[in-house]
Each structure stands twice: as C-alpha cells, then as structure tokens.
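**Q** Sharing coords.tsv here; it has TSV, C-alpha atoms and all ligand atoms.
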```tsv
chain	number	residue	atom	x	y	z
A	22	MET	CA	285.26	403.47	79.09
A	23	THR	CA	284.04	400.04	80.16
A	24	ARG	CA	287.54	399.15	81.34
A	25	ALA	CA	287.76	402.40	83.33
A	26	ILE	CA	284.49	401.60	85.09
A	27	ALA	CA	285.70	398.08	85.84
A	28	VAL	CA	289.00	399.35	87.28
A	29	SER	CA	287.12	401.93	89.39
A	30	ALA	CA	284.86	399.21	90.70
A	31	VAL	CA	287.79	396.99	91.66
A	32	LEU	CA	289.46	399.91	93.46
A	33	CYS	CA	286.21	400.62	95.30
A	34	LEU	CA	285.90	396.97	96.28
A	35	ALA	CA	289.53	396.78	97.40
A	36	LEU	CA	289.13	399.96	99.48
A	37	ALA	CA	285.93	398.61	101.02
A	38	CYS	CA	287.64	395.33	101.93
A	39	CYS	CA	290.69	397.09	103.40
A	40	THR	CA	288.57	399.36	105.54
A	41	CYS	CA	286.55	396.44	106.88
A	42	LEU	CA	289.43	394.28	108.11
A	43	ARG	CA	289.95	395.93	111.49
A	44	ALA	CA	287.71	395.86	114.52
A	45	SER	CA	285.15	398.62	114.61
A	46	VAL	CA	285.43	399.51	118.32
A	47	VAL	CA	287.97	402.16	119.31
A	48	THR	CA	288.90	403.10	122.87
A	49	GLU	CA	289.08	406.85	123.36
A	50	SER	CA	292.59	408.20	123.83
A	51	GLU	CA	293.49	411.53	125.44
A	52	PRO	CA	294.54	414.20	124.71
A	53	ASN	CA	291.76	414.83	122.20
A	54	ASP	CA	290.42	418.08	123.61
A	55	TYR	CA	290.10	420.14	120.42
A	56	TYR	CA	289.86	419.40	116.72
A	57	THR	CA	293.58	419.94	116.27
A	58	GLN	CA	294.02	416.94	118.61
A	59	ALA	CA	291.21	414.82	117.14
A	60	GLN	CA	291.58	411.05	117.49
A	61	SER	CA	291.22	409.40	114.08
A	62	VAL	CA	288.75	406.54	113.72
A	63	GLY	CA	289.33	406.25	109.97
A	64	GLY	CA	291.02	402.84	110.12
A	65	HIS	CA	288.31	401.26	112.25
A	66	PHE	CA	285.23	401.13	110.03
A	67	SER	CA	283.67	397.72	109.48
A	68	LEU	CA	280.44	396.00	108.52
A	69	ASP	CA	280.26	393.99	111.75
A	70	TYR	CA	276.69	393.47	112.93
A	71	ARG	CA	275.73	395.62	115.93
A	72	ALA	CA	272.23	395.59	117.38
A	73	ASP	CA	272.50	399.19	118.63
A	74	ILE	CA	273.18	400.70	115.17
A	75	ASP	CA	269.54	400.47	114.24
A	76	THR	CA	268.44	403.90	113.03
A	77	LEU	CA	268.46	405.04	109.41
A	78	ALA	CA	268.11	408.72	108.48
A	79	VAL	CA	267.30	409.70	104.88
A	80	ARG	CA	267.43	413.35	103.85
A	81	ASN	CA	264.36	414.66	102.04
A	82	PRO	CA	264.38	417.30	99.24
A	83	ASP	CA	263.05	419.87	101.74
A	84	THR	CA	266.13	419.13	103.97
A	85	THR	CA	264.06	417.40	106.68
A	86	TRP	CA	264.97	413.85	107.66
A	87	THR	CA	262.94	410.65	107.51
A	88	ILE	CA	264.09	408.44	110.36
A	89	THR	CA	263.23	404.77	110.62
A	90	GLN	CA	264.27	401.97	112.94
A	91	THR	CA	266.41	400.01	110.46
A	92	ASN	CA	269.64	398.26	111.36
A	93	THR	CA	272.31	399.69	109.02
A	94	SER	CA	275.38	398.00	110.49
A	95	THR	CA	275.79	395.33	107.80
A	96	PHE	CA	275.59	397.69	104.79
A	97	ALA	CA	276.85	401.05	106.12
A	98	PRO	CA	280.50	401.10	107.27
A	99	HIS	CA	280.64	402.15	110.91
A	100	ALA	CA	283.09	402.76	113.74
A	101	THR	CA	282.33	402.85	117.46
A	102	VAL	CA	284.21	404.84	120.11
A	103	GLU	CA	284.04	403.93	123.81
A	104	ALA	CA	284.91	407.00	125.88
A	105	THR	CA	285.16	408.29	129.43
A	106	GLY	CA	284.94	411.97	130.30
A	107	ASP	CA	287.73	413.70	132.22
A	108	GLY	CA	286.38	417.23	132.30
A	109	THR	CA	287.68	418.02	128.79
A	110	CYS	CA	286.01	417.89	125.39
A	111	ASP	CA	286.68	414.89	123.14
A	112	PHE	CA	287.23	415.14	119.37
A	113	PHE	CA	287.23	412.33	116.81
A	114	ALA	CA	288.12	412.49	113.10
A	115	PHE	CA	286.74	410.61	110.10
A	116	SER	CA	286.73	411.07	106.32
A	117	GLY	CA	283.64	411.40	104.16
A	118	LEU	CA	282.46	412.30	100.67
A	119	ALA	CA	280.51	415.36	99.55
A	120	GLY	CA	276.79	414.59	99.60
A	121	GLN	CA	277.24	411.49	101.74
A	122	THR	CA	275.05	410.97	104.80
A	123	ALA	CA	276.87	410.43	108.09
A	124	ILE	CA	274.86	409.28	111.09
A	125	ILE	CA	276.36	409.95	114.51
A	126	ASP	CA	274.57	408.22	117.38
A	127	MET	CA	275.45	408.44	121.07
A	128	ASP	CA	274.54	405.48	123.27
A	129	TYR	CA	275.02	404.13	126.80
A	130	THR	CA	275.72	407.44	128.50
A	131	SER	CA	276.25	407.01	132.22
A	132	PRO	CA	274.47	409.30	134.67
A	133	GLY	CA	277.77	411.15	135.10
A	134	VAL	CA	277.49	412.64	131.61
A	135	LEU	CA	274.21	414.37	132.47
A	136	GLY	CA	273.66	415.24	128.84
A	137	ALA	CA	276.18	415.77	126.08
A	138	LYS	CA	276.31	417.74	122.86
A	139	MET	CA	277.94	416.68	119.60
A	140	THR	CA	279.33	419.21	117.18
A	141	VAL	CA	280.61	418.48	113.66
A	142	TRP	CA	283.41	420.48	112.05
A	143	TYR	CA	284.89	420.35	108.55
A	144	SER	CA	288.69	420.58	108.25
A	145	GLY	CA	288.93	422.29	104.86
A	146	TYR	CA	288.30	425.92	105.80
A	147	GLY	CA	287.50	428.18	108.71
A	148	SER	CA	289.31	430.85	110.64
A	149	TYR	CA	290.77	428.37	113.14
A	150	GLY	CA	291.53	425.60	110.64
A	151	GLY	CA	288.11	424.02	111.02
A	152	GLU	CA	284.58	425.12	110.19
A	153	TYR	CA	281.51	424.47	112.33
A	154	ILE	CA	278.95	422.50	110.30
A	155	ALA	CA	276.25	421.21	112.63
A	156	ALA	CA	275.38	420.40	116.23
A	157	SER	CA	273.01	418.00	117.89
A	158	SER	CA	269.83	419.35	119.36
A	159	SER	CA	269.19	419.19	123.09
A	160	THR	CA	265.88	417.59	122.10
A	161	PRO	CA	266.74	414.31	120.37
A	162	ASN	CA	264.88	413.56	117.15
A	163	VAL	CA	265.01	409.85	117.89
A	164	ALA	CA	263.00	409.01	120.98
A	165	TYR	CA	264.75	405.83	122.08
A	166	ASP	CA	267.00	404.13	119.55
A	167	THR	CA	268.58	400.90	120.81
A	168	GLY	CA	271.34	401.79	123.27
A	169	THR	CA	270.02	405.18	124.27
A	170	THR	CA	269.92	405.50	128.04
A	171	LEU	CA	269.15	409.20	128.56
A	172	SER	CA	266.46	411.17	126.77
A	173	THR	CA	269.07	413.84	126.03
A	174	ASP	CA	271.47	411.46	124.23
A	175	PRO	CA	272.28	413.15	120.93
A	176	PHE	CA	271.54	411.65	117.54
A	177	LEU	CA	272.88	413.65	114.60
A	178	PRO	CA	272.38	412.80	110.92
A	179	ILE	CA	274.27	415.12	108.57
A	180	GLU	CA	274.73	415.47	104.82
A	181	LEU	CA	278.45	416.14	104.36
A	182	PRO	CA	278.98	419.34	102.33
A	183	GLU	CA	282.53	418.55	101.13
A	184	THR	CA	284.87	415.61	100.57
A	185	GLY	CA	287.49	415.50	103.30
A	186	VAL	CA	288.14	415.11	107.00
A	187	TYR	CA	285.45	415.87	109.57
A	188	TYR	CA	285.69	416.24	113.32
A	189	ILE	CA	283.10	415.28	115.93
A	190	GLY	CA	283.38	417.25	119.15
A	191	VAL	CA	281.73	415.95	122.32
A	192	SER	CA	281.08	418.49	125.05
A	193	ASP	CA	278.78	419.26	127.92
A	194	ILE	CA	275.21	419.90	126.81
A	195	THR	CA	275.46	423.53	127.89
A	196	ALA	CA	278.05	424.34	125.19
A	197	VAL	CA	277.03	426.91	122.57
A	198	ALA	CA	278.56	425.37	119.47
A	199	TYR	CA	278.85	428.32	117.12
A	200	SER	CA	280.74	430.46	119.60
A	201	TRP	CA	283.60	428.01	119.99
A	202	THR	CA	287.14	429.33	119.83
A	203	PRO	CA	290.44	427.70	120.79
A	204	THR	CA	289.91	428.84	124.39
A	205	TYR	CA	286.15	428.35	124.78
A	206	TYR	CA	286.33	424.55	124.60
A	207	THR	CA	288.26	424.35	127.87
A	208	ARG	CA	285.13	425.42	129.78
A	209	VAL	CA	282.57	423.00	128.33
A	210	GLY	CA	284.13	419.55	128.75
A	211	VAL	CA	282.37	416.20	129.27
A	212	LYS	CA	281.78	415.55	132.98
A	213	ASP	CA	284.62	413.77	134.77
A	214	GLY	CA	283.91	410.01	134.85
A	215	GLY	CA	280.93	410.22	132.52
A	216	GLU	CA	280.93	407.34	130.04
A	217	TYR	CA	279.45	407.25	126.55
A	218	ILE	CA	279.67	405.43	123.23
A	219	ILE	CA	279.47	407.04	119.78
A	220	HIS	CA	278.65	405.17	116.58
A	221	ILE	CA	279.70	406.87	113.31
A	222	SER	CA	277.99	405.34	110.25
A	223	LEU	CA	278.58	406.33	106.62
A	224	ILE	CA	275.60	405.51	104.44
A	225	PRO	CA	276.75	404.29	100.99
A	226	GLU	CA	275.77	406.48	98.06
A	227	PRO	CA	273.34	404.72	95.73
A	228	GLY	CA	275.55	405.80	92.79
A	229	THR	CA	278.60	404.12	94.31
A	230	VAL	CA	276.74	400.85	94.70
A	231	LEU	CA	275.54	401.15	91.09
A	232	LEU	CA	279.08	401.84	89.84
A	233	LEU	CA	280.37	398.80	91.70
A	234	THR	CA	277.61	396.62	90.23
A	235	TRP	CA	278.27	397.85	86.68
A	236	GLY	CA	282.02	397.42	87.07
A	237	LEU	CA	281.82	393.86	88.32
A	238	ALA	CA	279.36	393.00	85.54
A	239	ALA	CA	281.76	394.49	82.96
A	240	LEU	CA	284.65	392.42	84.36
A	241	ALA	CA	282.53	389.28	84.12
A	242	VAL	CA	281.68	390.00	80.47
A	243	ARG	CA	285.35	390.63	79.59
A	244	GLY	CA	286.31	387.37	81.32
A	245	ARG	CA	283.72	385.39	79.32
A	246	ARG	CA	284.87	386.99	76.03
A	247	ARG	CA	288.51	386.05	76.72
A	248	ARG	CA	287.58	382.44	77.50
A	249	ALA	CA	285.40	382.21	74.36
A	301	CA	CA	271.88	403.43	119.06
A	302	CA	CA	289.34	414.99	126.00
A	303	CA	CA	271.40	406.76	120.82
```
What is this structure when it is put down as structure tokens?
**A**
Amino acid sequence: MTRAIAVSAVLCLALACCTCLRASVVTESEPNDYYTQAQSVGGHFSLDYRADIDTLAVRNPDTTWTITQTNTSTFAPHATVEATGDGTCDFFAFSGLAGQTAIIDMDYTSPGVLGAKMTVWYSGYGSYGGEYIAASSSTPNVAYDTGTTLSTDPFLPIELPETGVYYIGVSDITAVAYSWTPTYYTRVGVKDGGEYIIHISLIPEPGTVLLLTWGLAALAVRGRRRRA
C-alpha cells in the first residue's frame, strides 16, 4: 500500500513537472469557432508568476463562492490565451478533474470587444457532443481584478462536474448560452478586431497535495531503511 502511494506520488510529480515545462501563453489560432474546433491549451499550463492572475475563488457548501484577491499563479497551474476577434466565436479546450475548481478570468479587453461572454461546455455528453455547464454573468462578481479593463469583463469560477475535456466558448455578450446549437454560434461572434486575454487556472485539490506529501515521505523512509 505504501509503495502504491509512493508510486502514485512520483507519477503526480512527473506529470506536474511535464506540464510546467512549456510557456504558459498561447496565441489564439483560427478556426476555433465551435467546440468541435476548440484550440487545445492543455500543453501550456505552467506555474510561472503572473501579476494579473490574482483572484482566488473557493466554493462554499451552499454553492456560493468566496472570492479573495490572492495571487494563485505560483501554486495553481495556469495557461493564458491572447486572442483577437474576427466576428466568430472562439473555443478553447482544457482537461480537468471531477470536483476540481477551474477559474477562468478575462483581462485586457480592447474597446472593440464591447463586452464578451464565456460559456463552459463538457465534452462527455450532450446532444451535440458537448454539454453546456455554465456561463459568465453580464455582471462580473469581481469588481476589478488586476488586468480587467472593462466592467463587463467576465470572471467565471466553476467546480468541474466530471473528469475530462472542457471547452470555453467566447462570444459576444448578447449570446444566450443555453440556446446554442451548431448554427446559433455563427450569429454571436466576438467583435472583429476586439482583443482579449483569458487565464485558465486549475486549483490543486487539497487531497492531491496531501497524497504527494505522503508519497514523498514514504519514499524517503524506504530510502533510509535501505541505506541502514
Ligand atoms: Ca486578472
Ligand atoms: Ca473564432
Ligand atoms: Ca479580469
């Protein structure tokens, strides 16, 4: 049992190291207009320090969120997308674990965006191959996190319901998320020339950190016993 925990910990550590080797900023690439065309950011998570990833959201038992101005960039793996609107929607894909908190923060929107909406979809089910999970409110629940330039910039914390691939859709603020179909998205794209940045942060599960700590401690004990 102890050996299994140690091996799991090493695998976790190796995975964490691998996912932190590449730069965390991704340039948006078209076409990415629907979740079937989503641009993956999965290989671009890192623990690089960023001053504008400074808002922590913790989910309460009553499903509300406690939000504090805390920089999470050095302990929560994150990827950043730099994008420019061309009249179409933009979709990005990342992987997460059931129960994990993902924080999606939009920053540095140019006046050309004139307000954007973010929608999150899960890939595992749904009549079109993806299931609508959540959407940002037109009234942000963070007044002015670092990097926010418009009062309508969306900030969306979400507790992931399943383990798997998720999609973030960026559209015009007028989009009605739950009515989306494969044809609806063509009418609610981000304004042509409008620039924005999205940070996707995955908050580590306390249990994962504990498992890693136990595993490394177990390896250290085994090493001492072998040397003795
Ligand atoms: Ca920010
Ligand atoms: Ca697009
Ligand atoms: Ca923001």
**Q** Once you count all atoms listed in the file, which residues end up within 12 Å of ligand CA 303 (chain A), and could you hand them over as a count of residues only?
**A** 41
**Q** Which centre and edge lengths in Å to one decimal define the box along x, y and z that fits every listed atom of stretch 210-229 of chain A plus 6 Å per side, as JSON?
**A**
```
{"center_x": 279.0, "center_y": 411.8, "center_z": 113.8, "size_x": 23.3, "size_y": 27.4, "size_z": 54.1}
```
**Q** Please provide the set of residues having any atom within 8 Å of A:Leu68, restricted to only C-alpha atoms, with same-chain residues fewer than 6 positions apart removed, written as a list of chain:residue names.
**A**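 Contacts, with the query itself left out: A:Cys41, A:Ser94, A:Thr95, A:Phe96, A:Ala97, A:Pro98, A:His99.
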**Q** How about saving the chosen residues, C-alpha atoms kept, as a CSV table (one decimal), keeping the file's coordinate frame?
**A**
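Result file out_29.csv:
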```
chain,number,residue,atom,x,y,z
A,41,CYS,CA,286.6,396.4,106.9
A,94,SER,CA,275.4,398.0,110.5
A,95,THR,CA,275.8,395.3,107.8
A,96,PHE,CA,275.6,397.7,104.8
A,97,ALA,CA,276.8,401.0,106.1
A,98,PRO,CA,280.5,401.1,107.3
A,99,HIS,CA,280.6,402.2,110.9
```
**Q** Go ahead and compute the interatomic distance for atom CA of A:Glu216 and atom CA of A:Gly106, in Å to one decimal.
**A**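 We find that atom CA of A:Glu216 and atom CA of A:Gly106 lie 6.1 Å from each other.
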**Q** Could the residues that lie within 6 Å of ligand CA 302 (chain A), counting only C-alpha atoms and all ligand atoms, be listed as a ChimeraX atom specification?
**A** /A:51-54,109-111
**Q** For ligand CA 301 (chain A), which residue out of A:Thr207, A:Ser50, A:Asn92, A:Ser192 is the nearest one, using all atoms listed in the file?
**A** A:Asn92
**Q** Looking at A:Thr84, A:Ser144, A:Thr101, A:Ile189, which one is nearest to ligand CA 301 (chain A), with distances taken over all atoms listed in the file?
**A**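 Using all atoms listed in the file, the shortest distance to ligand CA 301 (chain A) belongs to A:Thr101.
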**Q** What gap, in Å, lies between atom CA of A:Phe113 and atom CA of A:Gln60?
**A**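 Computing the Euclidean distance for atom CA of A:Phe113 and atom CA of A:Gln60 yields 4.6 Å.
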**Q** Rebuild stretch 109-133 of chain A to N, CA and C atoms - output it as a short mmCIF file (atom, residue, chain, number, x, y, z; two decimals), in the coordinates of the input, please.
**A**
```cif
data_model
loop_
_atom_site.label_atom_id
_atom_site.label_comp_id
_atom_site.auth_asym_id
_atom_site.auth_seq_id
_atom_site.Cartn_x
_atom_site.Cartn_y
_atom_site.Cartn_z
N THR A 109 287.32 417.34 130.04
CA THR A 109 287.68 418.02 128.79
C THR A 109 286.72 417.60 127.68
N CYS A 110 286.75 418.32 126.57
CA CYS A 110 286.01 417.89 125.39
C CYS A 110 286.77 416.75 124.70
N ASP A 111 286.07 416.00 123.88
CA ASP A 111 286.68 414.89 123.14
C ASP A 111 286.37 415.07 121.66
N PHE A 112 287.41 414.99 120.82
CA PHE A 112 287.23 415.14 119.37
C PHE A 112 287.70 413.87 118.65
N PHE A 113 286.92 413.51 117.63
CA PHE A 113 287.23 412.33 116.81
C PHE A 113 287.16 412.72 115.34
N ALA A 114 288.02 412.12 114.51
CA ALA A 114 288.12 412.49 113.10
C ALA A 114 287.76 411.32 112.21
N PHE A 115 287.03 411.61 111.12
CA PHE A 115 286.74 410.61 110.10
C PHE A 115 286.69 411.30 108.75
N SER A 116 286.78 410.52 107.67
CA SER A 116 286.73 411.07 106.32
C SER A 116 285.40 410.72 105.66
N GLY A 117 284.90 411.64 104.86
CA GLY A 117 283.64 411.40 104.16
C GLY A 117 283.63 412.08 102.80
N LEU A 118 282.60 411.78 102.03
CA LEU A 118 282.46 412.30 100.67
C LEU A 118 281.37 413.36 100.63
N ALA A 119 281.53 414.33 99.73
CA ALA A 119 280.51 415.36 99.55
C ALA A 119 279.18 414.72 99.19
N GLY A 120 278.12 415.12 99.88
CA GLY A 120 276.79 414.59 99.60
C GLY A 120 276.45 413.32 100.36
N GLN A 121 277.46 412.73 101.01
CA GLN A 121 277.24 411.49 101.74
C GLN A 121 276.53 411.78 103.07
N THR A 122 275.70 410.84 103.49
CA THR A 122 275.05 410.97 104.80
C THR A 122 275.90 410.27 105.86
N ALA A 123 276.22 411.02 106.91
CA ALA A 123 276.87 410.43 108.09
C ALA A 123 275.86 410.46 109.23
N ILE A 124 275.76 409.36 109.95
CA ILE A 124 274.86 409.28 111.09
C ILE A 124 275.70 409.08 112.34
N ILE A 125 275.56 410.00 113.29
CA ILE A 125 276.36 409.95 114.51
C ILE A 125 275.40 409.76 115.68
N ASP A 126 275.54 408.64 116.36
CA ASP A 126 274.57 408.22 117.38
C ASP A 126 275.30 408.00 118.69
N MET A 127 274.86 408.66 119.75
CA MET A 127 275.45 408.44 121.07
C MET A 127 274.59 407.46 121.86
N ASP A 128 275.25 406.50 122.50
CA ASP A 128 274.54 405.48 123.27
C ASP A 128 275.22 405.28 124.63
N TYR A 129 274.50 404.63 125.53
CA TYR A 129 275.02 404.13 126.80
C TYR A 129 275.70 405.22 127.63
N THR A 130 275.14 406.40 127.65
CA THR A 130 275.72 407.44 128.50
C THR A 130 275.43 407.09 129.95
N SER A 131 276.44 407.26 130.80
CA SER A 131 276.25 407.01 132.22
C SER A 131 275.66 408.26 132.85
N PRO A 132 275.05 408.12 134.03
CA PRO A 132 274.47 409.30 134.67
C PRO A 132 275.47 410.44 134.86
N GLY A 133 276.76 410.12 134.91
CA GLY A 133 277.77 411.15 135.10
C GLY A 133 277.87 412.12 133.94
#
```
